[in-house]
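Asker: Contents of data_9.cif (mmCIF, C-alpha atoms, pLDDT in the B column; chains and numbers go by the auth columns) are below:
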data_entry
loop_
_atom_site.group_PDB
_atom_site.id
_atom_site.type_symbol
_atom_site.label_atom_id
_atom_site.label_comp_id
_atom_site.label_asym_id
_atom_site.label_seq_id
_atom_site.Cartn_x
_atom_site.Cartn_y
_atom_site.Cartn_z
_atom_site.B_iso_or_equiv
_atom_site.auth_seq_id
_atom_site.auth_asym_id
ATOM 1 C CA MET A 1 9.241 35.362 -5.686 72.00 1 A
ATOM 2 C CA GLN A 2 8.268 33.792 -2.364 79.00 2 A
ATOM 3 C CA GLU A 3 7.546 30.072 -2.165 79.00 3 A
ATOM 4 C CA PRO A 4 4.028 29.359 -0.818 79.00 4 A
ATOM 5 C CA ASP A 5 3.679 28.020 2.719 81.00 5 A
ATOM 6 C CA ILE A 6 2.608 24.426 3.283 78.00 6 A
ATOM 7 C CA PRO A 7 -0.965 24.284 4.581 80.00 7 A
ATOM 8 C CA ARG A 8 -0.811 23.090 8.190 76.00 8 A
ATOM 9 C CA TRP A 9 -3.509 20.430 7.880 76.00 9 A
ATOM 10 C CA LEU A 10 -2.034 19.064 4.665 84.00 10 A
ATOM 11 C CA LEU A 11 1.316 18.579 6.384 86.00 11 A
ATOM 12 C CA ILE A 12 -0.323 16.951 9.431 84.00 12 A
ATOM 13 C CA ARG A 13 -2.323 14.636 7.156 87.00 13 A
ATOM 14 C CA ASP A 14 0.757 13.643 5.145 90.00 14 A
ATOM 15 C CA MET A 15 2.768 13.045 8.332 92.00 15 A
ATOM 16 C CA LEU A 16 0.045 10.799 9.757 91.00 16 A
ATOM 17 C CA ILE A 17 -0.281 8.823 6.531 91.00 17 A
ATOM 18 C CA PHE A 18 3.493 8.401 6.359 94.00 18 A
ATOM 19 C CA GLN A 19 3.648 7.149 9.962 95.00 19 A
ATOM 20 C CA ILE A 20 0.889 4.601 9.302 93.00 20 A
ATOM 21 C CA LYS A 21 2.668 3.445 6.148 93.00 21 A
ATOM 22 C CA LEU A 22 5.946 3.120 8.089 95.00 22 A
ATOM 23 C CA ALA A 23 4.182 0.959 10.691 95.00 23 A
ATOM 24 C CA ILE A 24 2.696 -1.280 7.981 94.00 24 A
ATOM 25 C CA ASP A 25 6.121 -1.527 6.323 95.00 25 A
ATOM 26 C CA ALA A 26 7.775 -2.451 9.627 96.00 26 A
ATOM 27 C CA MET A 27 5.226 -5.201 10.300 96.00 27 A
ATOM 28 C CA ARG A 28 5.773 -6.550 6.796 96.00 28 A
ATOM 29 C CA ASP A 29 9.554 -6.526 7.282 95.00 29 A
ATOM 30 C CA LEU A 30 9.270 -8.330 10.621 97.00 30 A
ATOM 31 C CA PHE A 31 7.219 -11.012 8.884 95.00 31 A
ATOM 32 C CA LEU A 32 9.382 -11.289 5.756 96.00 32 A
ATOM 33 C CA SER A 33 12.735 -11.583 7.512 96.00 33 A
ATOM 34 C CA PRO A 34 12.267 -15.033 9.094 97.00 34 A
ATOM 35 C CA VAL A 35 10.080 -16.261 6.232 97.00 35 A
ATOM 36 C CA SER A 36 12.796 -15.366 3.696 97.00 36 A
ATOM 37 C CA ILE A 37 15.376 -17.364 5.661 97.00 37 A
ATOM 38 C CA ILE A 38 13.049 -20.371 5.789 97.00 38 A
ATOM 39 C CA CYS A 39 12.300 -20.086 2.060 97.00 39 A
ATOM 40 C CA GLY A 40 15.984 -19.771 1.187 96.00 40 A
ATOM 41 C CA LEU A 41 16.914 -22.789 3.306 97.00 41 A
ATOM 42 C CA ALA A 42 14.053 -24.792 1.791 96.00 42 A
ATOM 43 C CA ASP A 43 15.315 -23.949 -1.709 96.00 43 A
ATOM 44 C CA ILE A 44 18.840 -25.045 -0.761 96.00 44 A
ATOM 45 C CA LEU A 45 17.684 -28.296 0.845 96.00 45 A
ATOM 46 C CA LEU A 46 15.192 -29.151 -1.899 95.00 46 A
ATOM 47 C CA GLY A 47 17.417 -27.998 -4.764 95.00 47 A
ATOM 48 C CA ASN A 48 14.606 -25.936 -6.291 93.00 48 A
ATOM 49 C CA SER A 49 15.070 -24.382 -9.698 94.00 49 A
ATOM 50 C CA LEU A 50 14.591 -20.650 -10.235 93.00 50 A
ATOM 51 C CA SER A 51 10.998 -21.120 -11.417 93.00 51 A
ATOM 52 C CA LYS A 52 10.114 -23.187 -8.328 94.00 52 A
ATOM 53 C CA SER A 53 12.126 -21.148 -5.823 96.00 53 A
ATOM 54 C CA TYR A 54 10.172 -20.223 -2.707 97.00 54 A
ATOM 55 C CA PHE A 55 12.633 -17.427 -1.987 97.00 55 A
ATOM 56 C CA TYR A 56 12.159 -15.724 -5.355 96.00 56 A
ATOM 57 C CA LYS A 57 8.388 -16.129 -5.163 96.00 57 A
ATOM 58 C CA LEU A 58 8.574 -14.364 -1.799 97.00 58 A
ATOM 59 C CA MET A 59 10.651 -11.608 -3.423 96.00 59 A
ATOM 60 C CA GLY A 60 7.870 -11.198 -5.998 95.00 60 A
ATOM 61 C CA LEU A 61 5.273 -10.869 -3.235 95.00 61 A
ATOM 62 C CA GLY A 62 7.515 -8.346 -1.496 94.00 62 A
ATOM 63 C CA HIS A 63 7.746 -6.343 -4.700 94.00 63 A
ATOM 64 C CA GLN A 64 3.947 -6.336 -5.034 93.00 64 A
ATOM 65 C CA SER A 65 3.526 -5.198 -1.434 92.00 65 A
ATOM 66 C CA ASP A 66 6.034 -2.375 -2.064 92.00 66 A
ATOM 67 C CA ALA A 67 3.930 -1.170 -4.990 91.00 67 A
ATOM 68 C CA TRP A 68 0.744 -1.403 -2.908 90.00 68 A
ATOM 69 C CA LEU A 69 2.257 0.401 0.079 92.00 69 A
ATOM 70 C CA ASN A 70 3.930 3.110 -2.026 90.00 70 A
ATOM 71 C CA LEU A 71 5.843 4.233 1.087 90.00 71 A
ATOM 72 C CA PHE A 72 7.454 7.357 -0.341 90.00 72 A
ATOM 73 C CA GLY A 73 4.816 7.957 -3.002 81.00 73 A
ATOM 74 C CA ASN A 74 2.606 10.943 -3.508 69.00 74 A
ATOM 75 C CA HIS A 75 -0.109 11.381 -0.872 55.00 75 A
ATOM 76 C CA ASN A 76 -2.047 13.956 -2.874 54.00 76 A
ATOM 77 C CA LYS A 77 -5.189 13.939 -5.000 47.00 77 A
ATOM 78 C CA ASP A 78 -3.560 12.829 -8.276 46.00 78 A
ATOM 79 C CA ASP A 79 -3.680 9.232 -6.956 41.00 79 A
ATOM 80 C CA LYS A 80 -6.998 8.799 -8.800 42.00 80 A
ATOM 81 C CA ASN A 81 -5.129 8.954 -12.119 44.00 81 A
ATOM 82 C CA LYS A 82 -2.816 6.117 -11.071 43.00 82 A
ATOM 83 C CA ASN A 83 -5.716 3.657 -10.998 42.00 83 A
ATOM 84 C CA LYS A 84 -6.485 4.370 -14.666 41.00 84 A
ATOM 85 C CA ASN A 85 -2.896 3.689 -15.764 42.00 85 A
ATOM 86 C CA LYS A 86 -2.250 -0.038 -15.328 41.00 86 A
ATOM 87 C CA ASN A 87 1.283 -0.412 -16.667 43.00 87 A
ATOM 88 C CA LYS A 88 3.039 -3.766 -16.581 41.00 88 A
ATOM 89 C CA ASN A 89 6.145 -4.358 -14.442 43.00 89 A
ATOM 90 C CA LYS A 90 8.748 -7.098 -14.525 43.00 90 A
ATOM 91 C CA ASN A 91 9.125 -9.030 -11.288 44.00 91 A
ATOM 92 C CA VAL A 92 12.230 -10.773 -9.976 47.00 92 A
ATOM 93 C CA GLU A 93 11.672 -13.858 -12.115 48.00 93 A
ATOM 94 C CA GLY A 94 11.025 -11.772 -15.252 46.00 94 A
ATOM 95 C CA SER A 95 7.347 -12.657 -15.651 44.00 95 A
ATOM 96 C CA GLN A 96 4.683 -10.043 -16.237 46.00 96 A
ATOM 97 C CA GLU A 97 2.621 -8.757 -13.329 50.00 97 A
ATOM 98 C CA THR A 98 0.200 -5.880 -13.021 52.00 98 A
ATOM 99 C CA LYS A 99 0.359 -3.046 -10.545 60.00 99 A
ATOM 100 C CA PRO A 100 -2.265 -3.232 -7.823 63.00 100 A
ATOM 101 C CA ASP A 101 -5.608 -1.731 -8.818 74.00 101 A
ATOM 102 C CA MET A 102 -5.688 0.205 -5.567 78.00 102 A
ATOM 103 C CA ASN A 103 -2.904 1.268 -3.241 86.00 103 A
ATOM 104 C CA VAL A 104 -2.776 2.634 0.296 87.00 104 A
ATOM 105 C CA ASP A 105 -2.779 6.281 -0.858 87.00 105 A
ATOM 106 C CA GLN A 106 -5.982 5.780 -2.832 87.00 106 A
ATOM 107 C CA LEU A 107 -7.687 4.124 0.142 86.00 107 A
ATOM 108 C CA PHE A 108 -6.625 6.984 2.433 87.00 108 A
ATOM 109 C CA SER A 109 -7.919 9.484 -0.152 87.00 109 A
ATOM 110 C CA GLN A 110 -11.321 7.762 -0.194 87.00 110 A
ATOM 111 C CA VAL A 111 -11.546 7.842 3.602 85.00 111 A
ATOM 112 C CA GLU A 112 -10.466 11.491 3.627 84.00 112 A
ATOM 113 C CA SER A 113 -13.049 12.583 1.042 86.00 113 A
ATOM 114 C CA LEU A 114 -15.755 10.678 2.926 82.00 114 A
ATOM 115 C CA LEU A 115 -14.811 12.479 6.151 78.00 115 A
ATOM 116 C CA LYS A 116 -14.830 15.853 4.367 79.00 116 A
ATOM 117 C CA ASP A 117 -18.254 15.168 2.843 80.00 117 A
ATOM 118 C CA GLN A 118 -19.711 14.159 6.180 74.00 118 A
ATOM 119 C CA HIS A 119 -18.145 17.114 7.952 69.00 119 A
ATOM 120 C CA GLY A 120 -19.717 19.423 5.363 73.00 120 A
ATOM 121 C CA LYS A 121 -23.107 17.862 6.096 75.00 121 A
ATOM 122 C CA GLY A 122 -22.785 18.649 9.785 67.00 122 A
ATOM 123 C CA GLY A 123 -20.947 15.691 11.249 67.00 123 A
ATOM 124 C CA LEU A 124 -20.424 11.984 11.028 64.00 124 A
ATOM 125 C CA THR A 125 -23.470 9.755 10.848 67.00 125 A
ATOM 126 C CA ALA A 126 -24.020 6.043 11.300 62.00 126 A
ATOM 127 C CA THR A 127 -23.882 5.689 7.519 70.00 127 A
ATOM 128 C CA ALA A 128 -20.515 7.434 7.426 69.00 128 A
ATOM 129 C CA LYS A 129 -19.203 5.169 10.159 65.00 129 A
ATOM 130 C CA SER A 130 -20.172 2.071 8.197 71.00 130 A
ATOM 131 C CA LYS A 131 -18.523 3.471 5.028 78.00 131 A
ATOM 132 C CA ILE A 132 -15.325 4.238 6.945 73.00 132 A
ATOM 133 C CA ASP A 133 -15.373 0.723 8.378 73.00 133 A
ATOM 134 C CA ARG A 134 -15.776 -0.673 4.862 81.00 134 A
ATOM 135 C CA TYR A 135 -12.777 1.326 3.542 81.00 135 A
ATOM 136 C CA LEU A 136 -10.658 0.351 6.535 76.00 136 A
ATOM 137 C CA ASN A 137 -11.598 -3.283 5.937 79.00 137 A
ATOM 138 C CA LYS A 138 -10.404 -2.862 2.325 81.00 138 A
ATOM 139 C CA ILE A 139 -7.064 -1.622 3.657 79.00 139 A
ATOM 140 C CA VAL A 140 -6.718 -4.697 5.834 74.00 140 A
ATOM 141 C CA ASP A 141 -7.963 -7.073 3.097 79.00 141 A
ATOM 142 C CA ASN A 142 -5.627 -5.593 0.462 74.00 142 A
ATOM 143 C CA LYS A 143 -2.518 -5.724 2.663 66.00 143 A
ATOM 144 C CA ALA A 144 -1.718 -9.242 1.512 53.00 144 A
ATOM 145 C CA PRO A 145 -1.074 -9.121 -2.263 54.00 145 A
#
I'd like the structure from this file rewritten - as structure tokens, please.
Answerer:
Amino acid sequence: MQEPDIPRWLLIRDMLIFQIKLAIDAMRDLFLSPVSIICGLADILLGNSLSKSYFYKLMGLGHQSDAWLNLFGNHNKDDKNKNKNKNKNKNVEGSQETKPDMNVDQLFSQVESLLKDQHGKGGLTATAKSKIDRYLNKIVDNKAP
């Protein structure tokens, strides 16, 4: 039995999405590195308890951004089902937090389906451009958890 070939455009799409996610992850890491040092030093100097620790609050935000970015997650259509399943996770401090309602993969899927719809109608229109802009704005707005 021969394994099916990967559709060329699917692979290109997944590679592009992965590269964008890597860039977002790198920017986040460049931001978090100095901020984590500052937070850790502030906790040491101020003698903060675990519940008031700036460092561990930052770790919680980092965990949330990992869930939102979903770097190595599935880039395919079953992302729609993830939004319906809002399981609870434990963060670093042990308190309850919810998974993000929308992640990067779901936003990319919305943009992709919009582009496919518009292409099927004969091309992109001004309305499509405004919808794409709105979805891209959601990506930027949802970057910070």
Asker: At a cut-off of 12 Å, using only C-alpha atoms, what residues contact A:Ile132? Leave out same-chain residues fewer than 5 positions from it and give the result as a VMD selection string.
Answerer: chain A and resid 107 to 116 118 124 to 127 137 to 139
Asker: Check which residues satisfy the PyMOL selection byres ((chain A and resi 16-25) around 8) in the file shown, then give them as JSON, numbers by chain.
Answerer: {"A": [12, 13, 14, 15, 26, 27, 28, 29, 69, 71, 72, 75, 108]}
Asker: Would you output that residue set with C-alpha atoms, as a PDB file, in the frame of the given file?
Answerer:
ATOM      1  CA  ILE A  12      -0.323  16.951   9.431  1.00 84.00           C
ATOM      2  CA  ARG A  13      -2.323  14.636   7.156  1.00 87.00           C
ATOM      3  CA  ASP A  14       0.757  13.643   5.145  1.00 90.00           C
ATOM      4  CA  MET A  15       2.768  13.045   8.332  1.00 92.00           C
ATOM      5  CA  ALA A  26       7.775  -2.451   9.627  1.00 96.00           C
ATOM      6  CA  MET A  27       5.226  -5.201  10.300  1.00 96.00           C
ATOM      7  CA  ARG A  28       5.773  -6.550   6.796  1.00 96.00           C
ATOM      8  CA  ASP A  29       9.554  -6.526   7.282  1.00 95.00           C
ATOM      9  CA  LEU A  69       2.257   0.401   0.079  1.00 92.00           C
ATOM     10  CA  LEU A  71       5.843   4.233   1.087  1.00 90.00           C
ATOM     11  CA  PHE A  72       7.454   7.357  -0.341  1.00 90.00           C
ATOM     12  CA  HIS A  75      -0.109  11.381  -0.872  1.00 55.00           C
ATOM     13  CA  PHE A 108      -6.625   6.984   2.433  1.00 87.00           C
TER      14      PHE A 108
END
Asker: Between atom CA of A:Ser36 and atom CA of A:His63, what is the distance, to one decimal in Å?
Answerer: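 Separation between atom CA of A:Ser36 and atom CA of A:His63: 13.3 Å.
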Asker: Calculate how many Å separate atom CA of A:Tyr54 from atom CA of A:Cys39, rounding to one decimal.
Answerer: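 Taking atom CA of A:Tyr54 as the start and atom CA of A:Cys39 as the end point, the length is 5.2 Å.
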Asker: Calculate, to one decimal in Å, the centre and edge lengths of the box along x, y and z of the file that holds all listed atoms of stretch 69-72 of chain A with 3 Å of margin on each side, and present them as lines of an AutoDock Vina configuration file.
Answerer:
center_x = 4.9
center_y = 3.9
center_z = -0.5
size_x = 11.2
size_y = 13.0
size_z = 9.1
Asker: Using Å and a single decimal, report how far atom CA of A:Leu61 sits from atom CA of A:Ala42.
Answerer: 17.2 Å
Asker: Smallest atom-to-atom distance to A:Leu41: which of A:Leu136, A:Gln2, A:Phe55, A:Asp101, using only C-alpha atoms?
Answerer: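 Closest to A:Leu41, using only C-alpha atoms: A:Phe55.
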Asker: For stretch 36-54 of chain A, which lacks atoms in the input, supply N, CA and C atoms and format the output as a PDB file, keeping the file's coordinate frame.
Answerer:
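Result saved to part14.pdb:
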ATOM      1  N   SER A  36      11.820 -15.309   4.794  1.00 97.00           N
ATOM      2  CA  SER A  36      12.796 -15.366   3.696  1.00 97.00           C
ATOM      3  C   SER A  36      13.920 -16.353   4.017  1.00 97.00           C
ATOM      4  N   ILE A  37      14.331 -16.407   5.270  1.00 97.00           N
ATOM      5  CA  ILE A  37      15.376 -17.364   5.661  1.00 97.00           C
ATOM      6  C   ILE A  37      14.868 -18.796   5.491  1.00 97.00           C
ATOM      7  N   ILE A  38      13.648 -19.039   5.931  1.00 97.00           N
ATOM      8  CA  ILE A  38      13.049 -20.371   5.789  1.00 97.00           C
ATOM      9  C   ILE A  38      12.925 -20.750   4.317  1.00 97.00           C
ATOM     10  N   CYS A  39      12.455 -19.812   3.498  1.00 97.00           N
ATOM     11  CA  CYS A  39      12.300 -20.086   2.060  1.00 97.00           C
ATOM     12  C   CYS A  39      13.651 -20.364   1.408  1.00 97.00           C
ATOM     13  N   GLY A  40      14.655 -19.571   1.750  1.00 96.00           N
ATOM     14  CA  GLY A  40      15.984 -19.771   1.187  1.00 96.00           C
ATOM     15  C   GLY A  40      16.566 -21.116   1.584  1.00 96.00           C
ATOM     16  N   LEU A  41      16.422 -21.485   2.850  1.00 97.00           N
ATOM     17  CA  LEU A  41      16.914 -22.789   3.306  1.00 97.00           C
ATOM     18  C   LEU A  41      16.159 -23.932   2.632  1.00 97.00           C
ATOM     19  N   ALA A  42      14.847 -23.759   2.467  1.00 96.00           N
ATOM     20  CA  ALA A  42      14.053 -24.792   1.791  1.00 96.00           C
ATOM     21  C   ALA A  42      14.518 -24.966   0.352  1.00 96.00           C
ATOM     22  N   ASP A  43      14.813 -23.863  -0.331  1.00 96.00           N
ATOM     23  CA  ASP A  43      15.315 -23.949  -1.709  1.00 96.00           C
ATOM     24  C   ASP A  43      16.655 -24.670  -1.756  1.00 96.00           C
ATOM     25  N   ILE A  44      17.528 -24.390  -0.794  1.00 96.00           N
ATOM     26  CA  ILE A  44      18.840 -25.045  -0.761  1.00 96.00           C
ATOM     27  C   ILE A  44      18.679 -26.541  -0.509  1.00 96.00           C
ATOM     28  N   LEU A  45      17.860 -26.884   0.487  1.00 96.00           N
ATOM     29  CA  LEU A  45      17.684 -28.296   0.845  1.00 96.00           C
ATOM     30  C   LEU A  45      16.957 -29.091  -0.232  1.00 96.00           C
ATOM     31  N   LEU A  46      15.981 -28.453  -0.883  1.00 95.00           N
ATOM     32  CA  LEU A  46      15.192 -29.151  -1.899  1.00 95.00           C
ATOM     33  C   LEU A  46      15.815 -29.053  -3.294  1.00 95.00           C
ATOM     34  N   GLY A  47      16.793 -28.174  -3.456  1.00 95.00           N
ATOM     35  CA  GLY A  47      17.417 -27.998  -4.764  1.00 95.00           C
ATOM     36  C   GLY A  47      16.460 -27.435  -5.793  1.00 95.00           C
ATOM     37  N   ASN A  48      15.602 -26.517  -5.384  1.00 93.00           N
ATOM     38  CA  ASN A  48      14.606 -25.936  -6.291  1.00 93.00           C
ATOM     39  C   ASN A  48      15.255 -25.139  -7.414  1.00 93.00           C
ATOM     40  N   SER A  49      14.631 -25.200  -8.568  1.00 94.00           N
ATOM     41  CA  SER A  49      15.070 -24.382  -9.698  1.00 94.00           C
ATOM     42  C   SER A  49      14.549 -22.964  -9.494  1.00 94.00           C
ATOM     43  N   LEU A  50      15.008 -22.047 -10.340  1.00 93.00           N
ATOM     44  CA  LEU A  50      14.591 -20.650 -10.235  1.00 93.00           C
ATOM     45  C   LEU A  50      13.077 -20.501 -10.331  1.00 93.00           C
ATOM     46  N   SER A  51      12.445 -21.245 -11.226  1.00 93.00           N
ATOM     47  CA  SER A  51      10.998 -21.120 -11.417  1.00 93.00           C
ATOM     48  C   SER A  51      10.199 -21.691 -10.243  1.00 93.00           C
ATOM     49  N   LYS A  52      10.807 -22.597  -9.472  1.00 94.00           N
ATOM     50  CA  LYS A  52      10.114 -23.187  -8.328  1.00 94.00           C
ATOM     51  C   LYS A  52      10.626 -22.655  -6.994  1.00 94.00           C
ATOM     52  N   SER A  53      11.487 -21.673  -7.025  1.00 96.00           N
ATOM     53  CA  SER A  53      12.126 -21.148  -5.823  1.00 96.00           C
ATOM     54  C   SER A  53      11.119 -20.434  -4.925  1.00 96.00           C
ATOM     55  N   TYR A  54      11.033 -20.884  -3.697  1.00 97.00           N
ATOM     56  CA  TYR A  54      10.172 -20.223  -2.707  1.00 97.00           C
ATOM     57  C   TYR A  54      10.705 -18.827  -2.385  1.00 97.00           C
TER      58      TYR A  54
END
